[in-house]
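Presented below is the structure to which this report refers.
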Amino acid sequence: MMEKIRINMLSQATSVDGQGVGSAYVEQVALVKENDDVFEVEVNSKRGNFDIYHMHTFNPQYVMRLNKRHINVTYVHCLPDTFDGSLKMPKPIFRLFKKYVKHAYLKADEAVVVNPIFIEPLVRLGLKRENITYIPNFVDHEKFHELSLEERNVLRDKYNIPHDKFVVMGCGQVQTRKGVKDYVECAKRNPDMVFVWAGGFSFGAITDGYKELKAIMDKPPKNVKFIGIVPRKEMNGIFNMSDVLFMPSFDELFPMSILEAVNSRKPVLLRDLELYKDILFYDKDTYAKASDVEGFCKQLSKLASDKEYYEHYQKGSEIIKNFYSKEHVKNLWREYYLRIYDKWAPVKKLKSWKKRNKKA
């Protein structure tokens with residue numbers, strides 16, 4: 001029997017509620033564990049006899065554990081510049097923080113990106129192109145799926161939303177980068193619709209724009225409901241009780257909320273950003289898009305009033321959903337770990353590599 005490759009997943013992604021990174025981490029670890037014929041996976045283990053250390057979050061205690069005795073992988077969910085508009089710190093501290101993130105990534109042997117658009121910026125940071133791999137996120141269809149009309153209406157009753165209202169859902173941390181102010185402005189211009197935002201201040205007062213956004217949340221327009229951070233196991237219901245997912249973010253990585261929402265066959269309305277084009281099949285017109293509040297309002301009005309237009313983007317959501325299937329991404333991870341093991345184990349002279357060769 002071939003000796004298994006031992007992987008230690010390093011992460012605190014689930015320590016802060018309401019983060020897409022946490023959702024992606026949970027799904028990825030569960031997926032790799034299903035390949036238990038070749039991999040043995042532990043999470044945040046303090047023991048040192050692992051072949052691969054996979055760092056999901058760049059906490060100092062994890063960065064310190066990346067060394068020459070094993071293969072080091074970093075998951076790249078964000079780039080140093082993407083913290084602009086997310087966190088508010090004194091400029092000298094912010095500059096140091098960005099340098100630290102760069103240091104954490106450069107310390108790894110291999111990097112995995114969730115969006116191919118991040119490959120070039122990482123190369124400019126100093127990572128070698130041949131050591132960067134794109135593997136997309138995915139969503140388990142058993143956890144996120146379409147509910148019946150009756151189930152949807154029960155959920156609307158819970159949040160005091162009339163059954164006949166067109167419901168526009170926003171999702172994510174409440175911060176400037178997420179376009180929350182544009183979201184609320186769209187609500188003001190569409191008083192007949194109900195706008196529901198799931199998410200909160202995951203990072204508290206250091207969130208960029210905290211005071212202004214907190215004031216909006218404390219006194220929102222009558223047709224806006226900020227329902228706070230929702231446990232992930234309840235999010236399928238939130239997507240289903242809505243009619244459209246509207247994310248006016250100015251910058252994103254690979255938002256898990258989009259992949260989750262399309263499983264409920266909801267159309268998606270996004271800001272027209274370059275980063276979505278490859279991963280969401282721009283050429284197939286799978287999602288509605290606009291660049292400003294006026295454009296967003298036109299799209300929402302047409303989605304609410306034009307049945308054929310709405311159904312077109314429902315079909316677009318199905319295209320996205322079918323591509324990011326569990327089995328497809330599971331195979332990508334299996335091939336990835338086996339490939340980097342064969343690449344680095346002889347270089348680092350891992351004991352498990354020697355044992356494998358003897359048995360072979």
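To be explicit about the labels: the chains of the structure tokens are called A, B, and onward in the order shown, and within each one the residues are counted from 1, while ligands get numbers from 1 in the order they are shown.
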Restrict the calculation to only C-alpha atoms, then for each residue of region 124-204 of chain A with any atom at most 12 Å from an atom of region 29-39 of chain A give the closest atom pair and their distance in Å to one decimal, rows by chain and rising residue number, as a tab-separated table.
residue	atom	partner	partner_atom	distance
A:Asn137	CA	A:Leu31	CA	10.8
A:Phe138	CA	A:Leu31	CA	9.7
A:Val139	CA	A:Leu31	CA	10.4
A:Asp140	CA	A:Leu31	CA	9.5
| said: Using only C-alpha atoms, which protein or nucleic acid residues come within 8 Å of Phe239 (chain A)? Drop anything in the same chain fewer than 5 positions from it, and give the result as a PyMOL selection string. | reply: chain A and resi 169+245+260-261+264+266
Counting only C-alpha atoms, closest pick from A:Val101, A:Leu253, A:Ala290, A:Ile340 relative to Leu275 (chain A) is A:Leu253
| request: Report as a VMD selection string: the residues of region 12-73 of chain A with a DSSP assignment of helix (DSSP H, G or I), based on the backbone of this structure. | output: chain A and resid 20 to 33 60 to 63
Give me the residues within 6 Å of region 172-174 of chain A as a list in words, counting only C-alpha atoms and dropping any in the same chain fewer than 3 places off.
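With the cut-off at 6 Å, the set is Gly199, Gly200 and Phe201 of chain A.
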(message) Here is a test: counting only C-alpha atoms, which residue of A:Val123, A:Ile216, A:Leu96, A:Met235 is nearest to Glu185 (chain A)?
(response)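 Among the listed residues, A:Ile216 lies closest to Glu185 (chain A).
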- Nearest candidate to Phe166 (chain A) (options A:Phe323, A:Tyr287, A:Phe195, A:Phe58; using only C-alpha atoms):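 So, comparing all the options, the nearest one is A:Phe195.
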